[in-house]
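Read the structure below first, then the notes.
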Amino acid sequence: MFDNFIFLSSAALAIGGALSVVVSTNLMHSCIYLLMSLIGVSGLYVTLSADFLAATQLVVYVGGVVILMLFAIMLTAGSDNKTVNRFGIVKIPPMGNLKTYIMSLLTAGVMGCSVLKMIMNINQTTKLGELPPYSTTVEQIGTLLVTDHVLAFEISSVLLLGALVGAAVIARPRLENEVTK
Amino acid sequence: MISLPSFLAISFILFVSGLVVMIAKKNIIAILLGVELILNSAALNFAAYTRFVNQNLDGHIMSLFIIIIAAAEAAVGLAIVIRFFQIRESIHIDDATQLLQ
């Protein structure tokens with residue numbers, strides 16, 4: 001029952017967000033719909049009992065990538081591109097409309113149920129030699145990362161450093177005395 | 001209800017949405033949004049197969065690396081978009097016709 005509720009609301013968020021990204025013509029709106037879809041995928045990870053993956057999805061995607069995209073949209077929105085609203089969100093009424101209420105209700109439900117599902121079995125005591133039904137995966141993932149997959153782990157750290165330096169070099173502001181051909 | 005085919009169906013819808021966004025939209029940032037959707041569908045498939053087919057956590061590790069690479073890709077892609085906008089004053093994909101300014 002509880003799992004079914006999380007699954008249904010997360011699936012609705014993910015699919016509705018993805019389809020809205022396709023349909024929406026405003027770039028800022030489609031970025032917010034992508035946020036909705038990513039939160040839905042995070043809820044789906046919770047139903048798959050992948051709690052570390054769900055937390056990582058929330059932190060990296062919702063907290064990092066989407067915010068980066070919003071900044072990029074706002075930095076480039078001054079162009080005469082017709083699909084970009086100049087200030088992005090002026091069309092939304094201040095208190096929101098039915099669509100934003102539905103979005104926020106589903107998101108709050110998914111997040112609340114996810115946290116509840118993670119902390120629900122803290123006080124449960126299981127018999128000796130018996131695993132709880134949903135044990136946390138953080139310990140096993142940490143062990144796997146530094147034993148079996150340590151090469152991929154190190155390579156990904158080098159990749160992230162390269163991406164950091166590359167992004168900083170590419171997006172640096174143009175200097176005044178820089179010769180442009 | 002919570003079974004492998006339903007997760008595969010959701011992942012399929014995410015993938016097709018991302019593909020349609022990548023093909024149909026003419027805005028570079030919108031194309032990056034489509035790439036994020038496709039990477040998410042792949043990561044969801046890995047997690048679903050880990051849960052329902054084999055119980056070891058290799059699929060979780062793979063999803064984790066997909067998330068890492070998506071973050072790196074988004075950073076570099078958006079840096080390129082911002083640089084392109086500084087040079088061309090536009091983020092329309094049809095304006096990106098040459099590598100050298």
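Every chain in the structure tokens takes a letter, A first, then B, and so on in the order presented; its residues are numbered from 1, and the ligands are numbered from 1 following the presented order.
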Find the nearest atom pair between each residue of chain B and chain A for residues within 6 Å, count only C-alpha atoms, give distances in Å to one decimal, sort rows by chain and ascending number, and present the table as CSV.
residue,atom,partner,partner_atom,distance
B:Leu14,CA,A:Ala18,CA,6.0
B:Ser17,CA,A:Ala18,CA,5.9
B:Val21,CA,A:Val22,CA,5.5
B:Ala72,CA,A:Ala163,CA,5.6
B:Val76,CA,A:Ala167,CA,4.9
B:Ala79,CA,A:Ala171,CA,4.9
B:Arg83,CA,A:Ala171,CA,5.3
B:Ser90,CA,A:Ser79,CA,5.9
Please, what distance in Å, to one decimal, runs between atom CA of Gly34 of chain B and atom CA of Arg51 of chain B? 26.1 Å
To one decimal in Å, tell me the separation between atom CA of Thr50 of chain B and atom CA of Gly109 of chain A.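 Straight-line distance from atom CA of Thr50 of chain B to atom CA of Gly109 of chain A works out to 25.5 Å.
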Any idea what's packed within 9 Å of Ile93 of chain B, counting only C-alpha atoms, ignoring anything in its chain fewer than 4 positions away? Could you give it as an MDAnalysis selection string? chainID B and resid 25:28 97
From a DSSP pass on the backbone, collect the residues of chain B flagged as helix (DSSP H, G or I) and hand them back as number ranges by chain. B: 4-24, 28-52, 58-88, 93-95
One number please: atom CA of Gly43 of chain A to atom CA of Ile6 of chain A, in Å, one decimal.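 Atom CA of Gly43 of chain A sits 6.8 Å away from atom CA of Ile6 of chain A.
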